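Source file: work_11.cif; contents: mmCIF, C-alpha atoms.
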data_query
#
loop_
_atom_site.group_PDB
_atom_site.id
_atom_site.type_symbol
_atom_site.label_atom_id
_atom_site.label_comp_id
_atom_site.auth_asym_id
_atom_site.auth_seq_id
_atom_site.Cartn_x
_atom_site.Cartn_y
_atom_site.Cartn_z
ATOM 1 C CA MET A 156 225.693 42.040 41.464
ATOM 2 C CA VAL A 157 224.130 38.734 42.425
ATOM 3 C CA SER A 158 225.524 36.668 45.276
ATOM 4 C CA GLU A 159 224.802 32.943 45.421
ATOM 5 C CA HIS A 160 224.841 30.440 48.248
ATOM 6 C CA ASP A 161 223.238 27.181 49.292
ATOM 7 C CA LEU A 162 220.529 27.074 51.941
ATOM 8 C CA HIS A 163 220.681 23.754 53.799
ATOM 9 C CA LEU A 164 217.166 22.556 54.603
ATOM 10 C CA GLY A 165 218.172 20.224 57.433
ATOM 11 C CA ASP A 166 217.099 17.004 55.728
ATOM 12 C CA GLY A 167 220.108 16.606 53.440
ATOM 13 C CA ARG A 168 218.580 18.782 50.735
ATOM 14 C CA THR A 169 219.625 22.275 49.659
ATOM 15 C CA LEU A 170 218.177 25.215 47.779
ATOM 16 C CA HIS A 171 220.558 27.287 45.686
ATOM 17 C CA VAL A 172 219.775 30.938 46.512
ATOM 18 C CA TYR A 173 220.405 34.171 44.591
ATOM 19 C CA ASP A 174 220.392 37.635 46.169
ATOM 20 C CA THR A 175 221.142 41.081 44.748
ATOM 21 C CA GLY A 176 221.786 42.269 48.303
ATOM 22 C CA PRO A 177 220.097 44.736 50.589
ATOM 23 C CA ALA A 178 218.004 47.428 48.918
ATOM 24 C CA ALA A 179 219.578 50.866 48.629
ATOM 25 C CA ALA A 180 218.463 52.089 52.053
ATOM 26 C CA GLY A 181 218.230 48.622 53.564
ATOM 27 C CA ASP A 182 214.461 48.844 53.723
ATOM 28 C CA GLY A 183 213.429 48.939 50.068
ATOM 29 C CA PRO A 184 211.058 46.471 48.470
ATOM 30 C CA VAL A 185 212.059 42.858 47.905
ATOM 31 C CA VAL A 186 210.894 40.737 44.974
ATOM 32 C CA LEU A 187 211.241 36.970 45.212
ATOM 33 C CA TRP A 188 211.606 35.647 41.651
ATOM 34 C CA HIS A 189 210.170 32.257 40.613
ATOM 35 C CA HIS A 190 211.979 31.087 37.496
ATOM 36 C CA GLY A 191 210.426 29.589 34.411
ATOM 37 C CA THR A 192 210.697 26.078 33.113
ATOM 38 C CA PRO A 193 213.381 24.903 32.377
ATOM 39 C CA ASN A 194 215.376 27.945 33.538
ATOM 40 C CA ILE A 195 217.259 28.264 36.805
ATOM 41 C CA GLY A 196 216.584 30.785 39.550
ATOM 42 C CA SER A 197 218.911 33.629 38.659
ATOM 43 C CA PRO A 198 216.737 36.790 38.865
ATOM 44 C CA PRO A 199 215.944 38.808 35.703
ATOM 45 C CA ALA A 200 219.163 40.704 34.967
ATOM 46 C CA PRO A 201 217.535 42.994 32.347
ATOM 47 C CA LEU A 202 215.484 44.526 35.183
ATOM 48 C CA PHE A 203 218.496 45.232 37.428
ATOM 49 C CA PRO A 204 219.290 48.791 36.210
ATOM 50 C CA ALA A 205 215.730 50.000 36.920
ATOM 51 C CA SER A 206 215.657 48.008 40.154
ATOM 52 C CA GLU A 207 218.861 49.641 41.328
ATOM 53 C CA ARG A 208 217.392 53.099 40.722
ATOM 54 C CA LEU A 209 214.233 52.114 42.612
ATOM 55 C CA GLY A 210 216.013 50.330 45.471
ATOM 56 C CA ILE A 211 214.477 46.932 44.671
ATOM 57 C CA ARG A 212 216.231 43.826 45.965
ATOM 58 C CA TRP A 213 215.839 40.586 43.996
ATOM 59 C CA VAL A 214 215.940 37.218 45.734
ATOM 60 C CA ALA A 215 215.407 33.835 44.107
ATOM 61 C CA TYR A 216 216.194 30.145 44.369
ATOM 62 C CA ASP A 217 216.516 27.210 42.010
ATOM 63 C CA ARG A 218 213.405 25.051 42.425
ATOM 64 C CA PRO A 219 214.199 21.548 43.687
ATOM 65 C CA ALA A 220 215.959 19.478 40.970
ATOM 66 C CA TYR A 221 216.879 22.617 38.992
ATOM 67 C CA GLY A 222 220.343 24.151 38.872
ATOM 68 C CA GLY A 223 222.069 23.781 42.226
ATOM 69 C CA SER A 224 219.053 22.655 44.260
ATOM 70 C CA THR A 225 218.593 19.030 45.194
ATOM 71 C CA PRO A 226 215.454 17.128 44.122
ATOM 72 C CA SER A 227 212.401 16.882 46.350
ATOM 73 C CA PRO A 228 210.361 13.936 45.070
ATOM 74 C CA GLY A 229 206.639 14.484 45.452
ATOM 75 C CA ARG A 230 206.826 18.252 45.860
ATOM 76 C CA ASP A 231 203.805 20.243 44.717
ATOM 77 C CA LEU A 232 203.033 23.879 43.973
ATOM 78 C CA ALA A 233 202.126 24.538 47.598
ATOM 79 C CA SER A 234 205.689 23.677 48.606
ATOM 80 C CA ALA A 235 206.827 26.891 46.896
ATOM 81 C CA ALA A 236 205.394 28.845 49.827
ATOM 82 C CA GLY A 237 207.516 26.890 52.288
ATOM 83 C CA TYR A 238 210.666 27.341 50.209
ATOM 84 C CA ALA A 239 209.997 31.069 49.770
ATOM 85 C CA SER A 240 209.509 31.450 53.530
ATOM 86 C CA ARG A 241 212.730 29.576 54.285
ATOM 87 C CA VAL A 242 214.726 31.765 51.894
ATOM 88 C CA ALA A 243 213.165 34.989 53.229
ATOM 89 C CA ASP A 244 213.714 33.920 56.839
ATOM 90 C CA GLU A 245 217.361 33.126 56.212
ATOM 91 C CA LEU A 246 217.901 36.534 54.610
ATOM 92 C CA GLY A 247 216.013 38.426 57.332
ATOM 93 C CA ILE A 248 213.207 39.471 54.989
ATOM 94 C CA GLY A 249 209.732 39.888 56.460
ATOM 95 C CA ARG A 250 207.416 40.933 53.633
ATOM 96 C CA PHE A 251 208.094 40.630 49.925
ATOM 97 C CA ALA A 252 206.464 40.591 46.515
ATOM 98 C CA VAL A 253 206.662 37.539 44.270
ATOM 99 C CA MET A 254 207.065 37.397 40.512
ATOM 100 C CA GLY A 255 206.929 34.257 38.421
ATOM 101 C CA HIS A 256 207.508 33.648 34.761
ATOM 102 C CA SER A 257 206.261 30.677 32.710
ATOM 103 C CA GLY A 258 206.348 27.586 34.954
ATOM 104 C CA GLY A 259 207.256 29.837 37.894
ATOM 105 C CA ALA A 260 204.032 31.843 37.603
ATOM 106 C CA SER A 261 202.064 29.098 39.368
ATOM 107 C CA HIS A 262 204.655 29.039 42.152
ATOM 108 C CA ALA A 263 204.259 32.791 42.622
ATOM 109 C CA LEU A 264 200.469 32.379 42.822
ATOM 110 C CA ALA A 265 200.887 29.622 45.416
ATOM 111 C CA CYS A 266 203.013 31.953 47.562
ATOM 112 C CA GLY A 267 200.426 34.713 47.290
ATOM 113 C CA ALA A 268 197.620 32.350 48.275
ATOM 114 C CA LEU A 269 199.435 30.590 51.120
ATOM 115 C CA LEU A 270 201.471 33.470 52.566
ATOM 116 C CA PRO A 271 198.980 36.362 52.703
ATOM 117 C CA ASP A 272 200.703 37.948 55.719
ATOM 118 C CA ARG A 273 204.078 38.030 53.961
ATOM 119 C CA VAL A 274 203.374 38.498 50.246
ATOM 120 C CA ARG A 275 202.653 42.111 49.306
ATOM 121 C CA ALA A 276 201.948 41.543 45.601
ATOM 122 C CA VAL A 277 202.009 38.816 42.962
ATOM 123 C CA VAL A 278 203.060 39.223 39.332
ATOM 124 C CA CYS A 279 202.618 36.354 36.880
ATOM 125 C CA VAL A 280 204.157 36.542 33.420
ATOM 126 C CA SER A 281 203.133 34.081 30.685
ATOM 127 C CA GLY A 282 202.003 31.418 33.153
ATOM 128 C CA PRO A 283 200.291 28.293 31.875
ATOM 129 C CA ALA A 284 196.680 27.457 32.680
ATOM 130 C CA PRO A 285 196.096 24.814 35.368
ATOM 131 C CA TYR A 286 196.833 21.367 33.974
ATOM 132 C CA GLY A 287 193.761 19.156 33.800
ATOM 133 C CA ALA A 288 191.201 21.978 34.020
ATOM 134 C CA ASP A 289 187.757 20.900 32.797
ATOM 135 C CA GLY A 290 187.196 21.574 29.094
ATOM 136 C CA LEU A 291 190.775 22.695 28.469
ATOM 137 C CA ASP A 292 193.060 21.168 25.850
ATOM 138 C CA TRP A 293 196.175 22.123 27.783
ATOM 139 C CA PHE A 294 198.540 21.387 24.881
ATOM 140 C CA ALA A 295 196.530 23.264 22.211
ATOM 141 C CA GLY A 296 198.566 25.923 20.446
ATOM 142 C CA MET A 297 201.916 24.719 21.782
ATOM 143 C CA SER A 298 204.798 23.909 19.459
ATOM 144 C CA VAL A 299 205.424 20.247 18.720
ATOM 145 C CA SER A 300 208.642 20.284 20.754
ATOM 146 C CA GLY A 301 206.952 22.105 23.647
ATOM 147 C CA GLN A 302 204.173 19.535 23.683
ATOM 148 C CA ALA A 303 206.677 16.667 23.636
ATOM 149 C CA SER A 304 208.622 18.107 26.561
ATOM 150 C CA LEU A 305 205.535 18.718 28.673
ATOM 151 C CA ARG A 306 203.915 15.380 27.798
ATOM 152 C CA ALA A 307 207.119 13.710 28.980
ATOM 153 C CA ALA A 308 206.883 15.668 32.250
ATOM 154 C CA VAL A 309 203.290 14.513 32.720
ATOM 155 C CA ALA A 310 204.476 10.908 32.217
ATOM 156 C CA GLY A 311 206.897 11.220 35.160
ATOM 157 C CA ARG A 312 210.472 11.996 36.066
ATOM 158 C CA ALA A 313 212.046 9.046 34.224
ATOM 159 C CA ALA A 314 210.173 9.884 31.010
ATOM 160 C CA LYS A 315 211.156 13.555 31.317
ATOM 161 C CA GLU A 316 214.828 12.674 31.880
ATOM 162 C CA ARG A 317 214.801 10.374 28.803
ATOM 163 C CA HIS A 318 213.139 13.054 26.716
ATOM 164 C CA GLU A 319 215.551 15.819 27.741
ATOM 165 C CA ALA A 320 218.587 13.582 27.174
ATOM 166 C CA ALA A 321 217.517 13.004 23.570
ATOM 167 C CA ALA A 322 215.765 16.273 22.660
ATOM 168 C CA ALA A 323 217.447 18.936 20.564
ATOM 169 C CA TYR A 324 216.666 22.636 20.685
ATOM 170 C CA ASP A 325 213.801 23.452 18.311
ATOM 171 C CA PRO A 326 213.961 27.064 17.077
ATOM 172 C CA GLU A 327 210.431 26.658 15.661
ATOM 173 C CA MET A 328 209.031 26.708 19.218
ATOM 174 C CA PHE A 329 209.355 30.503 19.049
ATOM 175 C CA THR A 330 208.005 32.999 16.514
ATOM 176 C CA PRO A 331 210.353 35.369 14.620
ATOM 177 C CA ALA A 332 209.217 38.164 16.972
ATOM 178 C CA ASP A 333 210.122 35.967 19.961
ATOM 179 C CA HIS A 334 213.587 35.364 18.520
ATOM 180 C CA ASP A 335 214.064 39.115 17.976
ATOM 181 C CA ALA A 336 213.013 39.917 21.548
ATOM 182 C CA LEU A 337 215.184 37.162 22.998
ATOM 183 C CA GLY A 338 218.207 38.216 20.939
ATOM 184 C CA GLY A 339 218.940 41.400 22.890
ATOM 185 C CA ASP A 340 218.943 42.079 26.618
ATOM 186 C CA TRP A 341 216.354 39.353 27.127
ATOM 187 C CA SER A 342 218.638 36.649 25.716
ATOM 188 C CA TRP A 343 219.182 36.192 29.441
ATOM 189 C CA PHE A 344 216.079 33.919 29.372
ATOM 190 C CA GLY A 345 217.886 31.418 27.165
#

Render the structure in this file as structure tokens.
Amino acid sequence: MVSEHDLHLGDGRTLHVYDTGPAAAGDGPVVLWHHGTPNIGSPPAPLFPASERLGIRWVAYDRPAYGGSTPSPGRDLASAAGYASRVADELGIGRFAVMGHSGGASHALACGALLPDRVRAVVCVSGPAPYGADGLDWFAGMSVSGQASLRAAVAGRAAKERHEAAAAYDPEMFTPADHDALGGDWSWFG
């Protein structure tokens, strides 16, 4: 079971937090989940049965401007480390692992790099390459709709909001194998 609450940051902003509760013995491992784009922070439910058996506690938060968290104009990837620390501190968690999927993979890496005394391990799943890397066509191989969404994000918040208000779901952004995988337990990603 996942409990949810808002963490007030003291400057009028909040982070919406998710927590599967203390690990089985109260001292089991904790994984702080960094959600993908454009998902919200709810931790990966298909992993809960195995996590329960292993005593793993999942903690997560909606990144600023996602789900129940308020925007934080000008935030960068490094800010993920500060948010992760705030959430862990509030929940009385000292050390933890981080796992990020898609757009959250970079946030997990930032936590690992900036919180070496707290982060035990980093797992990145299907994370994008760094935007603007020399010699990289960052949009190569992406679906047309995926490119349009990310190009709008690069153009700024107003452009992204206009794009998302008008964009329809494009099933062609996924392969038939993707659709099969996301049709079962992993439909949770949708």

Fewer than 4 positions away in the same chain doesn't count, so skip those; otherwise give me all residues within 12 Å of range 288-302 of chain A, counting all atoms listed in the file, as an mmCIF file with C-alpha atoms, in the frame of the given file.
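Result saved to out08.cif:
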data_model
loop_
_atom_site.group_PDB
_atom_site.id
_atom_site.type_symbol
_atom_site.label_atom_id
_atom_site.label_comp_id
_atom_site.auth_asym_id
_atom_site.auth_seq_id
_atom_site.Cartn_x
_atom_site.Cartn_y
_atom_site.Cartn_z
ATOM 1 C CA THR A 192 210.697 26.078 33.113
ATOM 2 C CA PRO A 193 213.381 24.903 32.377
ATOM 3 C CA PRO A 283 200.291 28.293 31.875
ATOM 4 C CA ALA A 284 196.680 27.457 32.680
ATOM 5 C CA ARG A 306 203.915 15.380 27.798
ATOM 6 C CA ALA A 307 207.119 13.710 28.980
ATOM 7 C CA ALA A 308 206.883 15.668 32.250
ATOM 8 C CA VAL A 309 203.290 14.513 32.720
ATOM 9 C CA LYS A 315 211.156 13.555 31.317
ATOM 10 C CA HIS A 318 213.139 13.054 26.716
ATOM 11 C CA GLU A 319 215.551 15.819 27.741
ATOM 12 C CA ALA A 321 217.517 13.004 23.570
ATOM 13 C CA ALA A 322 215.765 16.273 22.660
ATOM 14 C CA ALA A 323 217.447 18.936 20.564
ATOM 15 C CA TYR A 324 216.666 22.636 20.685
ATOM 16 C CA ASP A 325 213.801 23.452 18.311
ATOM 17 C CA PRO A 326 213.961 27.064 17.077
ATOM 18 C CA GLU A 327 210.431 26.658 15.661
ATOM 19 C CA MET A 328 209.031 26.708 19.218
ATOM 20 C CA PHE A 329 209.355 30.503 19.049
ATOM 21 C CA THR A 330 208.005 32.999 16.514
#

Worksheet item: CA of Val278 in chain A to CA of Gly258 in chain A: how many Å, to one decimal?
Response: 12.9 Å

Practice prompt. Evaluate the PyMOL selection byres ((chain A and resi 240) around 12) on the structure here and hand back the selected residues as a PyMOL selection string.
Written response: chain A and resi 162+164+187+214-216+233-239+241-253+265-267+269-274

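For the pair CA of Arg312 in chain A and CA of His256 in chain A, the interatomic distance is 21.9 Å.
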
Item to complete: Go ahead and compute the interatomic distance for CA of Ser158 in chain A and CA of His171 in chain A, in Å to one decimal.
Response: 10.6 Å

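Proximity of A:Leu170, A:Ser224, A:Arg218, A:Pro201 to Leu337 in chain A, computed with all atoms listed in the file, is greatest for A:Pro201.
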
Item to complete: Identify which of the residues A:Pro177, A:Gly223, A:Ala260, A:Asp340 lies closest to Leu202 in chain A, counting only C-alpha atoms when measuring atom-to-atom distances.
Response: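 Using only C-alpha atoms, the shortest distance to Leu202 in chain A belongs to A:Asp340.
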
Draw an axis-aligned box over all listed atoms of range 228-231 of chain A, pad each side with 5 Å, and write its centre and edge lengths in Å, one decimal, as lines of an AutoDock Vina configuration file.
center_x = 207.1
center_y = 17.1
center_z = 45.3
size_x = 16.6
size_y = 16.3
size_z = 11.1

Fill in: Pick from A:Ala310, A:His262, A:Ala200, A:His163, whichever lies nearest to Arg230 in chain A using all atoms listed in the file
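With all atoms listed in the file as the atom set, the closest residue is A:His262.
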
Worksheet item: Smallest atom-to-atom distance to Met254 in chain A: which of A:Ala336, A:Val280, A:Ile211, A:Ala313, using all atoms listed in the file?
Response: A:Val280

Item to complete: Compare A:Gly210, A:Gly167, A:Gly176, A:Pro199 by their minimum atom-to-atom distance to Pro226 in chain A, counting only C-alpha atoms, and give me the closest one.
Response: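 Selected residue with least distance to Pro226 in chain A: A:Gly167.
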
Item to complete: Rank nothing, just name the residue among A:Thr175, A:Pro184, A:Pro204, A:Asp166 nearest to Arg275 in chain A, using only C-alpha atoms.
Response: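 When distances to Arg275 in chain A are compared using only C-alpha atoms, the smallest one comes from A:Pro184.
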
Within 7 Å of His190 in chain A, counting only C-alpha atoms, which residues show up once you throw out same-chain ones fewer than 6 positions away? Write them as a PDB file with C-alpha atoms, keeping the file's coordinate frame, please.
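New file selection_0.pdb:
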ATOM      1  CA  GLY A 196     216.584  30.785  39.550  1.00  0.00           C
ATOM      2  CA  GLY A 255     206.929  34.257  38.421  1.00  0.00           C
ATOM      3  CA  HIS A 256     207.508  33.648  34.761  1.00  0.00           C
ATOM      4  CA  GLY A 259     207.256  29.837  37.894  1.00  0.00           C
TER       5      GLY A 259
END

Discussion item. Assuming the chain letters and numbering stay as they are in my file, what does the PyMOL selection byres ((chain A and resi 159) around 8) actually select? List them as a list in words.
Written reply: Val157, Ser158, His160, Asp161, His171, Val172, Tyr173 and Asp174 of chain A

Could you rebuild range 211-244 of chain A with N, CA and C atoms and give it back as a compact mmCIF listing (two decimals), in the frame of the given file?
# COMPACT_ATOMS: atom_id res chain seq x y z
N ILE A 211 215.12 48.24 44.59
CA ILE A 211 214.48 46.93 44.67
C ILE A 211 215.53 45.84 44.79
N ARG A 212 215.35 44.98 45.74
CA ARG A 212 216.23 43.83 45.96
C ARG A 212 215.56 42.60 45.35
N TRP A 213 216.33 41.83 44.59
CA TRP A 213 215.84 40.59 44.00
C TRP A 213 216.41 39.40 44.75
N VAL A 214 215.56 38.46 45.08
CA VAL A 214 215.94 37.22 45.73
C VAL A 214 215.30 36.09 44.94
N ALA A 215 215.97 34.97 44.84
CA ALA A 215 215.41 33.84 44.11
C ALA A 215 216.08 32.56 44.59
N TYR A 216 215.57 31.44 44.11
CA TYR A 216 216.19 30.14 44.37
C TYR A 216 215.90 29.22 43.20
N ASP A 217 216.79 28.25 42.99
CA ASP A 217 216.52 27.21 42.01
C ASP A 217 215.49 26.28 42.62
N ARG A 218 214.38 26.02 41.91
CA ARG A 218 213.40 25.05 42.42
C ARG A 218 214.10 23.71 42.60
N PRO A 219 213.60 22.87 43.51
CA PRO A 219 214.20 21.55 43.69
C PRO A 219 214.36 20.82 42.35
N ALA A 220 215.54 20.23 42.16
CA ALA A 220 215.96 19.48 40.97
C ALA A 220 216.37 20.38 39.81
N TYR A 221 216.39 21.68 40.00
CA TYR A 221 216.88 22.62 38.99
C TYR A 221 218.20 23.20 39.47
N GLY A 222 219.09 23.48 38.54
CA GLY A 222 220.34 24.15 38.87
C GLY A 222 221.06 23.49 40.03
N GLY A 223 221.34 24.28 41.08
CA GLY A 223 222.07 23.78 42.23
C GLY A 223 221.23 23.26 43.37
N SER A 224 219.92 23.16 43.18
CA SER A 224 219.05 22.66 44.26
C SER A 224 218.82 21.16 44.11
N THR A 225 218.79 20.48 45.22
CA THR A 225 218.59 19.03 45.19
C THR A 225 217.12 18.70 44.94
N PRO A 226 216.84 17.52 44.38
CA PRO A 226 215.45 17.13 44.12
C PRO A 226 214.65 16.99 45.41
N SER A 227 213.34 17.10 45.25
CA SER A 227 212.40 16.88 46.35
C SER A 227 211.24 16.08 45.77
N PRO A 228 211.41 14.77 45.67
CA PRO A 228 210.36 13.94 45.07
C PRO A 228 209.01 14.17 45.75
N GLY A 229 207.98 14.30 44.92
CA GLY A 229 206.64 14.48 45.45
C GLY A 229 206.27 15.92 45.78
N ARG A 230 207.17 16.86 45.54
CA ARG A 230 206.83 18.25 45.86
C ARG A 230 205.66 18.69 44.99
N ASP A 231 204.92 19.69 45.46
CA ASP A 231 203.80 20.24 44.72
C ASP A 231 203.92 21.76 44.70
N LEU A 232 202.98 22.42 44.05
CA LEU A 232 203.03 23.88 43.97
C LEU A 232 202.99 24.53 45.35
N ALA A 233 202.23 23.96 46.26
CA ALA A 233 202.13 24.54 47.60
C ALA A 233 203.48 24.59 48.30
N SER A 234 204.38 23.68 47.96
CA SER A 234 205.69 23.68 48.61
C SER A 234 206.47 24.95 48.31
N ALA A 235 206.14 25.64 47.23
CA ALA A 235 206.83 26.89 46.90
C ALA A 235 206.71 27.90 48.03
N ALA A 236 205.58 27.91 48.71
CA ALA A 236 205.39 28.84 49.83
C ALA A 236 206.37 28.54 50.96
N GLY A 237 206.56 27.27 51.25
CA GLY A 237 207.52 26.89 52.29
C GLY A 237 208.94 27.24 51.92
N TYR A 238 209.31 26.99 50.66
CA TYR A 238 210.67 27.34 50.21
C TYR A 238 210.87 28.85 50.24
N ALA A 239 209.88 29.61 49.77
CA ALA A 239 210.00 31.07 49.77
C ALA A 239 210.16 31.59 51.20
N SER A 240 209.39 31.04 52.12
CA SER A 240 209.51 31.45 53.53
C SER A 240 210.88 31.14 54.08
N ARG A 241 211.40 29.96 53.78
CA ARG A 241 212.73 29.58 54.28
C ARG A 241 213.80 30.53 53.77
N VAL A 242 213.74 30.85 52.48
CA VAL A 242 214.73 31.76 51.89
C VAL A 242 214.59 33.14 52.54
N ALA A 243 213.38 33.67 52.63
CA ALA A 243 213.16 34.99 53.23
C ALA A 243 213.62 35.02 54.68
N ASP A 244 213.29 33.98 55.43
CA ASP A 244 213.71 33.92 56.84
C ASP A 244 215.23 33.96 56.96
